[in-house]
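Enquirer: mmCIF, C-alpha atoms, file final-v9.cif:
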data_coords
#
loop_
_atom_site.label_atom_id
_atom_site.label_comp_id
_atom_site.auth_asym_id
_atom_site.auth_seq_id
_atom_site.Cartn_x
_atom_site.Cartn_y
_atom_site.Cartn_z
CA MET N 1475 21.29 -16.66 17.79
CA ASP N 1476 21.99 -15.99 14.13
CA THR N 1477 25.08 -17.71 12.84
CA TYR N 1478 25.76 -16.02 9.55
CA LYS N 1479 27.78 -13.07 8.46
CA VAL N 1480 26.89 -10.37 5.97
CA LEU N 1481 29.15 -9.33 3.11
CA GLU N 1482 28.71 -6.20 1.02
CA ILE N 1483 29.88 -7.31 -2.42
CA LYS N 1484 31.94 -4.98 -4.58
CA GLN N 1485 31.41 -4.62 -8.28
CA SER N 1486 33.74 -6.85 -10.25
CA ILE N 1487 36.82 -5.32 -11.78
CA PHE N 1488 37.21 -7.99 -14.44
CA GLU N 1489 36.17 -7.28 -17.98
CA ASP N 1490 36.18 -10.86 -19.16
CA ASN N 1491 33.57 -12.56 -16.99
CA ASP N 1492 33.62 -15.83 -18.96
CA ARG N 1493 37.35 -16.22 -18.35
CA GLN N 1494 36.92 -15.47 -14.61
CA ALA N 1495 34.12 -18.00 -14.44
CA GLU N 1496 36.30 -20.71 -16.00
CA LEU N 1497 39.13 -19.97 -13.54
CA LEU N 1498 36.71 -20.16 -10.61
CA ARG N 1499 35.29 -23.46 -11.86
CA GLU N 1500 38.82 -24.91 -12.07
CA GLU N 1501 39.59 -23.79 -8.52
CA LEU N 1502 36.35 -25.32 -7.21
CA LYS N 1503 37.15 -28.55 -9.04
CA LYS N 1504 40.52 -28.76 -7.29
CA GLU N 1505 38.90 -28.04 -3.93
CA LYS N 1506 36.23 -30.66 -4.62
CA THR N 1507 33.46 -28.13 -3.98
CA PHE N 1508 30.43 -28.48 -6.23
CA LEU N 1509 28.79 -25.07 -6.71
CA LEU N 1510 25.12 -24.85 -7.66
CA ASN N 1511 23.81 -21.53 -8.97
CA LEU N 1512 20.09 -21.43 -8.09
CA MET N 1513 17.96 -18.85 -9.86
CA SER N 1514 14.26 -17.92 -9.98
CA SER N 1515 11.71 -15.11 -9.80
CA PRO N 1516 11.11 -13.48 -6.45
CA GLY N 1517 8.84 -15.65 -4.35
CA SER N 1518 9.07 -18.90 -6.26
CA GLY N 1519 10.44 -20.70 -3.22
CA LYS N 1520 14.26 -20.71 -3.50
CA THR N 1521 14.89 -20.38 0.23
CA THR N 1522 12.33 -22.98 1.30
CA THR N 1523 13.74 -25.37 -1.31
CA ILE N 1524 17.27 -24.79 0.02
CA VAL N 1525 16.10 -25.56 3.56
CA ARG N 1526 14.51 -28.81 2.32
CA THR N 1527 17.65 -29.69 0.36
CA ILE N 1528 19.85 -29.21 3.42
CA GLU N 1529 17.53 -31.37 5.51
CA ALA N 1530 17.71 -34.14 2.88
CA LEU N 1531 21.50 -34.08 2.43
CA LYS N 1532 23.17 -32.75 5.56
CA ASP N 1533 24.07 -36.18 6.93
CA GLU N 1534 25.92 -37.09 3.72
CA MET N 1535 27.82 -33.93 2.82
CA ASN N 1536 29.01 -30.56 4.13
CA ILE N 1537 26.81 -27.82 2.76
CA GLY N 1538 27.50 -24.09 2.53
CA VAL N 1539 24.96 -21.50 1.36
CA MET N 1540 25.42 -18.02 -0.08
CA GLU N 1541 22.24 -15.96 0.07
CA ALA N 1542 22.43 -13.09 -2.41
CA ASP N 1543 19.99 -10.27 -2.03
CA ILE N 1544 19.79 -6.57 -2.80
CA ASP N 1545 20.02 -5.63 0.85
CA SER N 1546 18.01 -7.79 3.27
CA ASP N 1547 19.11 -10.64 5.56
CA VAL N 1548 15.78 -12.48 5.61
CA ASP N 1549 17.04 -15.56 3.78
CA ALA N 1550 20.34 -16.05 5.63
CA HIS N 1551 18.38 -15.80 8.85
CA THR N 1552 16.01 -18.57 7.68
CA VAL N 1553 18.71 -20.86 6.33
CA SER N 1554 21.02 -20.42 9.33
CA LYS N 1555 18.42 -22.24 11.45
CA THR N 1556 19.25 -25.49 9.60
CA GLY N 1557 22.76 -25.44 11.04
CA ALA N 1558 24.37 -25.19 7.58
CA LYS N 1559 27.18 -22.70 6.99
CA VAL N 1560 25.58 -19.53 5.60
CA ILE N 1561 26.65 -16.13 4.39
CA GLN N 1562 24.41 -13.25 3.29
CA LEU N 1563 25.69 -11.38 0.24
CA HIS N 1564 24.43 -7.88 -0.46
CA THR N 1565 24.67 -6.90 -4.10
CA GLY N 1566 24.14 -3.19 -3.47
CA GLY N 1567 21.28 -2.81 -5.94
CA MET N 1568 22.72 -5.10 -8.59
CA CYS N 1569 20.30 -7.59 -10.11
CA HIS N 1570 22.75 -10.45 -10.65
CA LEU N 1571 26.05 -11.99 -9.56
CA ASP N 1572 28.95 -12.52 -11.92
CA ALA N 1573 32.00 -14.76 -11.36
CA GLY N 1574 34.00 -12.07 -9.54
CA MET N 1575 31.16 -11.40 -7.12
CA THR N 1576 30.61 -15.14 -6.60
CA LYS N 1577 34.31 -15.55 -5.81
CA GLN N 1578 34.05 -12.82 -3.16
CA GLY N 1579 31.08 -14.69 -1.71
CA LEU N 1580 32.91 -18.03 -1.67
CA GLU N 1581 35.89 -16.44 0.07
CA GLY N 1582 33.53 -14.91 2.64
CA LEU N 1583 31.81 -18.26 3.17
CA GLY N 1584 35.02 -20.29 3.27
CA THR N 1585 34.88 -23.38 1.05
CA GLU N 1586 37.34 -25.61 2.91
CA GLY N 1587 35.64 -28.93 3.58
CA ILE N 1588 32.46 -27.82 1.76
CA ASP N 1589 31.25 -30.52 -0.64
CA PHE N 1590 28.17 -28.71 -1.86
CA ALA N 1591 27.93 -24.92 -2.07
CA ILE N 1592 24.65 -23.29 -3.06
CA LEU N 1593 24.42 -19.78 -4.43
CA GLU N 1594 20.91 -18.38 -4.07
CA ASN N 1595 21.08 -15.78 -6.81
CA VAL N 1596 19.04 -12.53 -6.80
CA GLY N 1597 15.34 -13.17 -7.53
CA ASN N 1598 15.14 -12.30 -11.21
CA LEU N 1599 14.66 -14.24 -14.47
CA VAL N 1600 16.55 -11.81 -16.68
CA CYS N 1601 19.92 -10.53 -15.45
CA PRO N 1602 21.26 -13.62 -13.62
CA ALA N 1603 20.91 -15.63 -16.84
CA GLU N 1604 23.38 -13.33 -18.58
CA PHE N 1605 26.36 -13.95 -16.28
CA ASP N 1606 28.31 -17.16 -15.79
CA THR N 1607 28.97 -17.30 -12.03
CA GLY N 1608 31.58 -20.04 -12.27
CA SER N 1609 29.12 -22.58 -10.93
CA SER N 1610 29.42 -26.31 -11.60
CA LYS N 1611 25.75 -26.50 -12.59
CA ASN N 1612 22.86 -24.05 -12.99
CA ALA N 1613 19.40 -24.70 -11.60
CA MET N 1614 16.20 -22.71 -11.58
CA ILE N 1615 12.89 -22.85 -9.83
CA LEU N 1616 9.67 -22.01 -11.59
CA SER N 1617 6.63 -22.07 -9.37
CA VAL N 1618 3.26 -23.26 -10.62
CA PRO N 1619 1.49 -19.90 -9.97
CA GLU N 1620 3.93 -18.16 -12.35
CA GLY N 1621 2.48 -20.05 -15.30
CA ASP N 1622 3.57 -22.53 -17.97
CA ASP N 1623 4.34 -19.80 -20.54
CA LYS N 1624 7.46 -18.49 -18.82
CA PRO N 1625 9.94 -20.28 -21.13
CA LEU N 1626 8.51 -18.21 -23.99
CA LYS N 1627 9.14 -15.00 -22.05
CA TYR N 1628 12.50 -15.74 -20.45
CA PRO N 1629 14.12 -18.02 -23.05
CA LEU N 1630 17.72 -17.29 -22.05
CA MET N 1631 17.15 -18.43 -18.46
CA PHE N 1632 15.53 -21.68 -19.55
CA SER N 1633 18.33 -22.24 -22.08
CA ILE N 1634 21.24 -22.01 -19.66
CA VAL N 1635 19.99 -24.15 -16.77
CA ASP N 1636 20.69 -27.86 -16.33
CA VAL N 1637 17.65 -28.54 -14.21
CA VAL N 1638 14.35 -26.81 -13.50
CA LEU N 1639 12.41 -27.48 -10.31
CA VAL N 1640 8.70 -26.84 -10.79
CA ASN N 1641 7.71 -25.82 -7.27
CA LYS N 1642 4.38 -25.42 -5.43
CA ILE N 1643 2.83 -28.44 -7.15
CA ASP N 1644 0.68 -28.82 -4.02
CA ALA N 1645 -1.24 -25.77 -5.28
CA VAL N 1646 -1.63 -27.01 -8.86
CA ALA N 1647 -5.42 -27.37 -8.58
CA ASN N 1648 -5.71 -23.59 -8.13
CA PHE N 1649 -3.78 -22.65 -11.25
CA ASP N 1650 -3.91 -23.51 -14.94
CA PHE N 1651 -0.45 -24.99 -15.31
CA ASN N 1652 -0.18 -27.39 -18.20
CA PHE N 1653 2.88 -29.65 -17.69
CA ASP N 1654 2.76 -31.02 -21.24
CA LYS N 1655 2.74 -27.52 -22.72
CA PHE N 1656 5.52 -26.47 -20.34
CA ARG N 1657 7.74 -29.44 -21.27
CA GLU N 1658 7.12 -28.79 -24.94
CA HIS N 1659 8.19 -25.13 -24.56
CA ILE N 1660 11.39 -25.88 -22.67
CA LYS N 1661 12.52 -28.93 -24.66
CA ARG N 1662 12.53 -26.73 -27.73
CA LEU N 1663 14.92 -24.30 -25.98
CA ASN N 1664 16.94 -26.86 -24.10
CA PRO N 1665 16.56 -30.51 -25.10
CA ASN N 1666 18.77 -31.83 -22.26
CA ILE N 1667 17.06 -29.98 -19.44
CA LYS N 1668 15.89 -32.07 -16.48
CA VAL N 1669 12.46 -31.23 -15.03
CA ILE N 1670 11.66 -32.15 -11.42
CA PRO N 1671 8.23 -31.25 -9.98
CA ILE N 1672 8.46 -30.51 -6.26
CA SER N 1673 6.63 -29.01 -3.35
CA ALA N 1674 9.07 -27.40 -0.95
CA LYS N 1675 6.09 -27.00 1.37
CA THR N 1676 5.02 -30.66 1.60
CA GLY N 1677 8.36 -32.26 0.65
CA GLU N 1678 6.99 -33.97 -2.47
CA GLY N 1679 9.71 -34.55 -5.10
CA ILE N 1680 12.55 -33.47 -2.77
CA GLU N 1681 14.05 -36.97 -2.73
CA GLN N 1682 14.26 -36.99 -6.54
CA TRP N 1683 15.94 -33.58 -6.40
CA ALA N 1684 18.36 -34.72 -3.66
CA GLU N 1685 19.27 -37.70 -5.84
CA TRP N 1686 20.10 -35.33 -8.73
CA VAL N 1687 22.40 -33.38 -6.38
CA ARG N 1688 24.07 -36.58 -5.07
CA THR N 1689 24.87 -37.73 -8.60
CA GLU N 1690 26.21 -34.35 -9.67
CA VAL N 1691 28.37 -33.91 -6.55
CA LYS N 1692 29.78 -37.41 -7.12
CA ASN N 1693 30.49 -36.70 -10.81
CA TRP N 1694 32.20 -33.43 -9.91
CA ASN N 1695 34.62 -35.19 -7.58
CA GLU N 1696 35.39 -38.03 -9.97
CA LYS N 1697 35.76 -36.35 -13.33
CA MET Q 1365 -6.34 -11.97 -36.50
CA ASP Q 1366 -3.77 -10.28 -34.33
CA THR Q 1367 -4.05 -6.53 -34.30
CA TYR Q 1368 -0.82 -5.40 -32.76
CA LYS Q 1369 2.56 -4.44 -34.05
CA VAL Q 1370 5.96 -5.32 -32.69
CA LEU Q 1371 8.66 -2.74 -32.06
CA GLU Q 1372 12.32 -3.54 -31.40
CA ILE Q 1373 13.34 -0.85 -28.94
CA LYS Q 1374 16.74 0.80 -29.22
CA GLN Q 1375 18.90 1.59 -26.23
CA SER Q 1376 18.40 5.16 -25.08
CA ILE Q 1377 20.96 7.72 -26.07
CA PHE Q 1378 20.15 10.10 -23.22
CA GLU Q 1379 22.41 10.26 -20.23
CA ASP Q 1380 20.02 12.13 -17.99
CA ASN Q 1381 17.05 9.79 -17.68
CA ASP Q 1382 15.33 11.83 -14.95
CA ARG Q 1383 15.27 14.90 -17.22
CA GLN Q 1384 13.92 12.85 -20.14
CA ALA Q 1385 11.25 11.41 -17.88
CA GLU Q 1386 10.12 14.88 -16.80
CA LEU Q 1387 9.93 16.04 -20.43
CA LEU Q 1388 7.88 12.99 -21.37
CA ARG Q 1389 5.51 13.56 -18.44
CA GLU Q 1390 4.96 17.17 -19.56
CA GLU Q 1391 4.19 16.02 -23.10
CA LEU Q 1392 1.72 13.43 -21.88
CA LYS Q 1393 0.07 16.04 -19.68
CA LYS Q 1394 -0.49 18.30 -22.70
CA GLU Q 1395 -1.88 15.40 -24.70
CA LYS Q 1396 -4.14 14.42 -21.79
CA THR Q 1397 -2.78 10.89 -21.80
CA PHE Q 1398 -2.40 9.30 -18.37
CA LEU Q 1399 0.44 6.77 -18.41
CA LEU Q 1400 0.54 3.96 -15.88
CA ASN Q 1401 3.80 2.03 -15.44
CA LEU Q 1402 2.84 -1.45 -14.24
CA MET Q 1403 5.58 -3.57 -12.72
CA SER Q 1404 5.85 -6.99 -11.06
CA SER Q 1405 7.71 -10.29 -10.95
CA PRO Q 1406 7.24 -12.70 -13.81
CA GLY Q 1407 3.98 -14.56 -13.46
CA SER Q 1408 2.26 -12.37 -10.88
CA GLY Q 1409 -0.61 -11.67 -13.26
CA LYS Q 1410 0.13 -8.36 -15.03
CA THR Q 1411 -1.41 -9.34 -18.35
CA THR Q 1412 -4.56 -10.89 -16.87
CA THR Q 1413 -5.00 -7.80 -14.69
CA ILE Q 1414 -4.63 -5.55 -17.74
CA VAL Q 1415 -7.29 -7.55 -19.59
CA ARG Q 1416 -9.65 -7.16 -16.59
CA THR Q 1417 -8.87 -3.44 -16.37
CA ILE Q 1418 -9.69 -2.94 -20.05
CA GLU Q 1419 -12.97 -4.83 -19.65
CA ALA Q 1420 -13.91 -2.61 -16.69
CA LEU Q 1421 -13.03 0.72 -18.31
CA LYS Q 1422 -13.24 0.41 -22.09
CA ASP Q 1423 -16.70 2.01 -22.33
CA GLU Q 1424 -15.50 5.13 -20.48
CA MET Q 1425 -12.07 5.82 -21.95
CA ASN Q 1426 -9.74 5.02 -24.82
CA ILE Q 1427 -7.07 2.62 -23.65
CA GLY Q 1428 -3.70 1.84 -25.22
CA VAL Q 1429 -1.33 -0.87 -23.99
CA MET Q 1430 2.42 -1.29 -24.42
CA GLU Q 1431 3.57 -4.82 -23.67
CA ALA Q 1432 7.29 -4.85 -22.92
CA ASP Q 1433 9.08 -8.15 -23.00
CA ILE Q 1434 12.56 -9.46 -23.70
CA ASP Q 1435 11.50 -11.00 -26.97
CA SER Q 1436 8.12 -12.75 -27.01
CA ASP Q 1437 4.72 -11.58 -28.27
CA VAL Q 1438 2.61 -13.69 -25.90
CA ASP Q 1439 1.16 -10.75 -23.98
CA ALA Q 1440 0.32 -8.48 -26.92
CA HIS Q 1441 -1.45 -11.43 -28.50
CA THR Q 1442 -3.55 -11.90 -25.33
CA VAL Q 1443 -4.35 -8.23 -24.81
CA SER Q 1444 -5.18 -7.59 -28.49
CA LYS Q 1445 -8.21 -9.85 -28.08
CA THR Q 1446 -9.86 -7.20 -25.88
CA GLY Q 1447 -10.02 -4.79 -28.82
CA ALA Q 1448 -7.73 -2.26 -27.09
CA LYS Q 1449 -4.89 -0.65 -29.02
CA VAL Q 1450 -1.76 -2.72 -28.31
CA ILE Q 1451 1.90 -2.68 -29.21
CA GLN Q 1452 4.53 -5.26 -28.27
CA LEU Q 1453 7.88 -3.77 -27.29
CA HIS Q 1454 10.99 -5.94 -27.42
CA THR Q 1455 13.74 -4.75 -25.10
CA GLY Q 1456 16.43 -6.89 -26.72
CA GLY Q 1457 17.58 -8.50 -23.47
CA MET Q 1458 17.27 -5.40 -21.32
CA CYS Q 1459 15.59 -5.89 -17.95
CA HIS Q 1460 13.82 -2.52 -17.73
CA LEU Q 1461 12.48 0.44 -19.70
CA ASP Q 1462 13.73 3.98 -19.18
CA ALA Q 1463 12.05 7.20 -20.36
CA GLY Q 1464 13.70 7.16 -23.81
CA MET Q 1465 12.56 3.61 -24.44
CA THR Q 1466 9.06 4.39 -23.17
CA LYS Q 1467 8.88 7.35 -25.53
CA GLN Q 1468 9.77 5.09 -28.48
CA GLY Q 1469 6.98 2.79 -27.35
CA LEU Q 1470 4.43 5.61 -27.08
CA GLU Q 1471 5.35 6.84 -30.55
CA GLY Q 1472 4.93 3.30 -31.87
CA LEU Q 1473 1.58 2.96 -30.14
CA GLY Q 1474 0.31 6.40 -31.12
CA THR Q 1475 -1.16 8.33 -28.17
CA GLU Q 1476 -3.61 10.57 -30.05
CA GLY Q 1477 -7.01 10.16 -28.43
CA ILE Q 1478 -5.65 7.74 -25.82
CA ASP Q 1479 -6.88 8.69 -22.32
CA PHE Q 1480 -5.22 5.86 -20.47
CA ALA Q 1481 -1.96 4.25 -21.60
CA ILE Q 1482 -0.60 1.24 -19.77
CA LEU Q 1483 3.03 0.17 -19.91
CA GLU Q 1484 3.45 -3.45 -18.88
CA ASN Q 1485 7.09 -3.30 -17.84
CA VAL Q 1486 9.49 -6.27 -18.00
CA GLY Q 1487 8.73 -8.86 -15.29
CA ASN Q 1488 11.34 -7.99 -12.68
CA LEU Q 1489 11.32 -6.41 -9.20
CA VAL Q 1490 14.81 -4.94 -9.38
CA CYS Q 1491 15.80 -3.06 -12.55
CA PRO Q 1492 12.46 -1.42 -13.51
CA ALA Q 1493 12.35 0.28 -10.09
CA GLU Q 1494 15.60 2.11 -10.89
CA PHE Q 1495 14.37 3.99 -13.96
CA ASP Q 1496 11.72 6.70 -14.15
CA THR Q 1497 9.77 5.89 -17.33
CA GLY Q 1498 8.00 9.26 -17.47
CA SER Q 1499 4.79 7.67 -16.27
CA SER Q 1500 2.03 9.63 -14.50
CA LYS Q 1501 1.80 6.97 -11.78
CA ASN Q 1502 3.61 3.75 -10.90
CA ALA Q 1503 1.78 0.58 -9.93
CA MET Q 1504 2.93 -2.89 -9.05
CA ILE Q 1505 1.38 -6.28 -8.63
CA LEU Q 1506 2.49 -8.66 -5.92
CA SER Q 1507 0.80 -12.03 -6.03
CA VAL Q 1508 -0.07 -13.94 -2.88
CA PRO Q 1509 2.13 -16.97 -3.74
CA GLU Q 1510 5.21 -14.70 -3.83
CA GLY Q 1511 4.93 -14.06 -0.09
CA ASP Q 1512 4.39 -11.18 2.34
CA ASP Q 1513 8.13 -10.64 2.89
CA LYS Q 1514 8.84 -9.18 -0.55
CA PRO Q 1515 8.92 -5.51 0.64
CA LEU Q 1516 11.92 -6.45 2.79
CA LYS Q 1517 13.71 -7.91 -0.21
CA TYR Q 1518 12.80 -5.40 -2.92
CA PRO Q 1519 12.47 -2.17 -0.91
CA LEU Q 1520 13.15 0.21 -3.81
CA MET Q 1521 10.25 -1.18 -5.86
CA PHE Q 1522 7.81 -0.87 -2.95
CA SER Q 1523 9.10 2.66 -2.25
CA ILE Q 1524 8.49 4.10 -5.70
CA VAL Q 1525 5.00 2.80 -6.47
CA ASP Q 1526 1.77 4.67 -5.79
CA VAL Q 1527 -0.38 1.58 -5.59
CA VAL Q 1528 0.18 -2.14 -5.08
CA LEU Q 1529 -2.34 -4.69 -6.27
CA VAL Q 1530 -2.15 -7.88 -4.23
CA ASN Q 1531 -3.26 -10.45 -6.80
CA LYS Q 1532 -4.40 -14.10 -6.66
CA ILE Q 1533 -6.31 -13.58 -3.41
CA ASP Q 1534 -8.59 -16.41 -4.55
CA ALA Q 1535 -5.66 -18.74 -3.73
CA VAL Q 1536 -4.93 -17.23 -0.31
CA ALA Q 1537 -5.99 -20.38 1.56
CA ASN Q 1538 -3.07 -22.27 -0.05
CA PHE Q 1539 -0.37 -19.85 1.01
CA ASP Q 1540 0.79 -18.23 4.24
CA PHE Q 1541 0.30 -14.59 3.27
CA ASN Q 1542 -0.20 -12.34 6.28
CA PHE Q 1543 -1.86 -9.10 5.14
CA ASP Q 1544 -1.21 -7.33 8.46
CA LYS Q 1545 2.50 -8.14 8.30
CA PHE Q 1546 2.60 -7.11 4.63
CA ARG Q 1547 0.91 -3.75 5.30
CA GLU Q 1548 3.26 -3.13 8.21
CA HIS Q 1549 6.33 -3.81 6.00
CA ILE Q 1550 5.23 -1.54 3.16
CA LYS Q 1551 3.86 1.33 5.24
CA ARG Q 1552 7.30 1.65 6.77
CA LEU Q 1553 8.83 2.05 3.29
CA ASN Q 1554 6.04 4.05 1.74
CA PRO Q 1555 3.40 5.52 4.09
CA ASN Q 1556 1.18 6.82 1.24
CA ILE Q 1557 1.01 3.60 -0.73
CA LYS Q 1558 -2.44 2.32 -1.62
CA VAL Q 1559 -3.05 -1.44 -1.28
CA ILE Q 1560 -5.81 -3.10 -3.29
CA PRO Q 1561 -6.36 -6.87 -2.95
CA ILE Q 1562 -7.61 -8.36 -6.22
CA SER Q 1563 -8.13 -11.59 -8.07
CA ALA Q 1564 -7.65 -11.06 -11.79
CA LYS Q 1565 -8.97 -14.60 -12.19
CA THR Q 1566 -12.34 -14.16 -10.44
CA GLY Q 1567 -12.67 -10.36 -10.83
CA GLU Q 1568 -12.72 -9.67 -7.09
CA GLY Q 1569 -11.41 -6.19 -6.25
CA ILE Q 1570 -11.24 -5.10 -9.90
CA GLU Q 1571 -13.98 -2.48 -9.42
CA GLN Q 1572 -11.99 -0.85 -6.58
CA TRP Q 1573 -8.92 -0.82 -8.82
CA ALA Q 1574 -10.92 0.61 -11.77
CA GLU Q 1575 -12.15 3.35 -9.44
CA TRP Q 1576 -8.54 4.23 -8.54
CA VAL Q 1577 -7.74 4.50 -12.26
CA ARG Q 1578 -10.84 6.67 -12.95
CA THR Q 1579 -9.85 9.12 -10.21
CA GLU Q 1580 -6.24 9.35 -11.34
CA VAL Q 1581 -7.14 9.81 -15.02
CA LYS Q 1582 -9.58 12.57 -14.01
CA ASN Q 1583 -6.96 14.29 -11.82
CA TRP Q 1584 -4.39 14.09 -14.62
CA ASN Q 1585 -6.70 15.93 -17.00
CA GLU Q 1586 -7.73 18.59 -14.51
CA LYS Q 1587 -4.54 19.51 -12.74
#
When written as structure tokens, how does the structure in this file appear?
Expert:
Amino acid sequence: MDTYKVLEIKQSIFEDNDRQAELLREELKKEKTFLLNLMSSPGSGKTTTIVRTIEALKDEMNIGVMEADIDSDVDAHTVSKTGAKVIQLHTGGMCHLDAGMTKQGLEGLGTEGIDFAILENVGNLVCPAEFDTGSSKNAMILSVPEGDDKPLKYPLMFSIVDVVLVNKIDAVANFDFNFDKFREHIKRLNPNIKVIPISAKTGEGIEQWAEWVRTEVKNWNEK
Amino acid sequence: MDTYKVLEIKQSIFEDNDRQAELLREELKKEKTFLLNLMSSPGSGKTTTIVRTIEALKDEMNIGVMEADIDSDVDAHTVSKTGAKVIQLHTGGMCHLDAGMTKQGLEGLGTEGIDFAILENVGNLVCPAEFDTGSSKNAMILSVPEGDDKPLKYPLMFSIVDVVLVNKIDAVANFDFNFDKFREHIKRLNPNIKVIPISAKTGEGIEQWAEWVRTEVKNWNEK
């Protein structure tokens, strides 16, 4: 039985997204809910990574997931099997979520008692980077098959994230992905960015990622 | 020495994009230039496929390439090495090209004597699907690592393309990509879609793809 609901998100009525994002962040701070905005290209492994993350952390914290998609329920269906609280958000053709849309999603999910909320943003390296969702931290996944040159092509995305998970490292032998070149590209855009190589398929690197989440959730509740 | 120029594209001033697209298609028809709009996610292999396509067809037709990107020149640099006529288009943050922007690109490229023009659209499965560029045909690349469920998640894109190249089939053993399931998903959205499995890396399937292009270019000049 599927245990998620589906919410058709309305376009935001607010003109000043940055202001709305700040207000949402303050609210989440008071509620002690850490919100992670997770972005990537289609098919880089966001949903599988979320499933792995839930498995690694569900005994320590209450996790809620918002799955944003143009109009399918594939991801909420997958994530709901973990037992975590899940809502599917339909953006109605829109390629991103802003703070107003994220707030609608959080209200639909219900954040009471949620320590760690994950927003799986629409699969896209352009539009989601342009809108502050009100999240506590921004993360992205780049998968090895996409190539090490992506920071050159999507500089805004790589500039605004706090952490980048380099996924599908189990397949690295099949692709020319140069980690040194990649790190060089992104450090130029974003010197403080954290890079964590993972394989959501085999589980490699997931513990290091879970540790990053633990620390950030703890900081969010203490600051 | 790089032999391409870079054009900063302006936002279109036309309200009726569909009308502009039709006008552009008529112009291209008169000029006997077949325009292919090539779309995909970031990192699915558009540029490598274009290089392979040029290699396969350059002795039979004059090819011109427009590389659209937010703001890098990586792809024009790569494609210029083939000897084909290339222009880099910068969209200034925009996640798609419409007909007005494509027309600016074609004017920058110069279509005189060009039989086959390729527009490498911005890497994105959402926004580019929403705008008719004025192209003769629409193609997309889905790479095996992205997964066979993508038609469910980006239905508009799979609905509007004439052909889908399934790239990186050399890596198929590393990923769970079910071709039967994939064909079933897309045929429901788009019964006339043509599916061509390729590997831009090894060259597998490129001849079948080149044959599709030959036929379409011929039809465009005869109709």
Enquirer: With the PyMOL selection byres ((chain N and resi 1504) around 12) as the selection, what would be picked from this file? Answer as a list in words, please.
Expert: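 Applying the PyMOL selection byres ((chain N and resi 1504) around 12) to the structure shown produces Leu1497, Leu1498, Arg1499, Glu1500, Glu1501, Leu1502, Lys1503, Glu1505, Lys1506, Thr1507, Phe1508, Thr1585, Glu1586, Gly1587, Asp1589, Trp1694, Asn1695, Glu1696 and Lys1697 of chain N.
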Enquirer: On this structure, the PyMOL selection byres ((chain Q) within 10 of (chain N)) would catch which residues? List them as a compact mmCIF listing (two decimals) with C-alpha atoms, in the frame of the given file, sorted by chain and number.
Expert:
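Below is the file that was written, selection31.txt:
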# COMPACT_ATOMS: atom_id res chain seq x y z
CA SER Q 1404 5.85 -6.99 -11.06
CA SER Q 1405 7.71 -10.29 -10.95
CA PRO Q 1406 7.24 -12.70 -13.81
CA GLY Q 1407 3.98 -14.56 -13.46
CA SER Q 1408 2.26 -12.37 -10.88
CA GLY Q 1409 -0.61 -11.67 -13.26
CA ASP Q 1433 9.08 -8.15 -23.00
CA ILE Q 1434 12.56 -9.46 -23.70
CA ASP Q 1435 11.50 -11.00 -26.97
CA SER Q 1436 8.12 -12.75 -27.01
CA ASP Q 1437 4.72 -11.58 -28.27
CA VAL Q 1438 2.61 -13.69 -25.90
CA ASP Q 1439 1.16 -10.75 -23.98
CA GLY Q 1457 17.58 -8.50 -23.47
CA MET Q 1458 17.27 -5.40 -21.32
CA CYS Q 1459 15.59 -5.89 -17.95
CA HIS Q 1460 13.82 -2.52 -17.73
CA VAL Q 1486 9.49 -6.27 -18.00
CA GLY Q 1487 8.73 -8.86 -15.29
CA ASN Q 1488 11.34 -7.99 -12.68
CA LEU Q 1489 11.32 -6.41 -9.20
CA VAL Q 1490 14.81 -4.94 -9.38
CA CYS Q 1491 15.80 -3.06 -12.55
CA GLU Q 1494 15.60 2.11 -10.89
CA LEU Q 1506 2.49 -8.66 -5.92
CA SER Q 1507 0.80 -12.03 -6.03
CA VAL Q 1508 -0.07 -13.94 -2.88
CA PRO Q 1509 2.13 -16.97 -3.74
CA GLU Q 1510 5.21 -14.70 -3.83
CA GLY Q 1511 4.93 -14.06 -0.09
CA ASP Q 1512 4.39 -11.18 2.34
CA ASP Q 1513 8.13 -10.64 2.89
CA LYS Q 1514 8.84 -9.18 -0.55
CA PRO Q 1515 8.92 -5.51 0.64
CA LEU Q 1516 11.92 -6.45 2.79
CA LYS Q 1517 13.71 -7.91 -0.21
CA TYR Q 1518 12.80 -5.40 -2.92
CA PRO Q 1519 12.47 -2.17 -0.91
CA LEU Q 1520 13.15 0.21 -3.81
CA LYS Q 1532 -4.40 -14.10 -6.66
CA ASP Q 1534 -8.59 -16.41 -4.55
CA ALA Q 1535 -5.66 -18.74 -3.73
CA ALA Q 1537 -5.99 -20.38 1.56
CA ASN Q 1538 -3.07 -22.27 -0.05
CA PHE Q 1539 -0.37 -19.85 1.01
CA LYS Q 1565 -8.97 -14.60 -12.19
Enquirer: If you measure from CA of Gly1579 in chain N to CA of Thr1477 in chain N, what distance in Å do you get, rounded to one decimal?
Expert: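 Interatomic distance here is 16.0 Å.
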Enquirer: Between CA of Met1521 in chain Q and CA of Ser1500 in chain Q, what is the distance in Å, rounded to a tenth?
Expert: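 That distance, rounded to one decimal, is 16.1 Å.
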Enquirer: Which of these, Q:Ala1385, Q:Ala1574, Q:Tyr1368, Q:Phe1546, has the shortest distance to Lys1422 in chain Q once you count only C-alpha atoms?
Expert: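 Checking each of Q:Ala1385, Q:Ala1574, Q:Tyr1368, Q:Phe1546 against Lys1422 in chain Q, counting only C-alpha atoms, the winner is Q:Ala1574.
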Enquirer: Can you work out the spacing between CA of Thr1455 in chain Q and CA of Gln1375 in chain Q in Å, to one decimal?
Expert: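 A separation of 8.3 Å between them.
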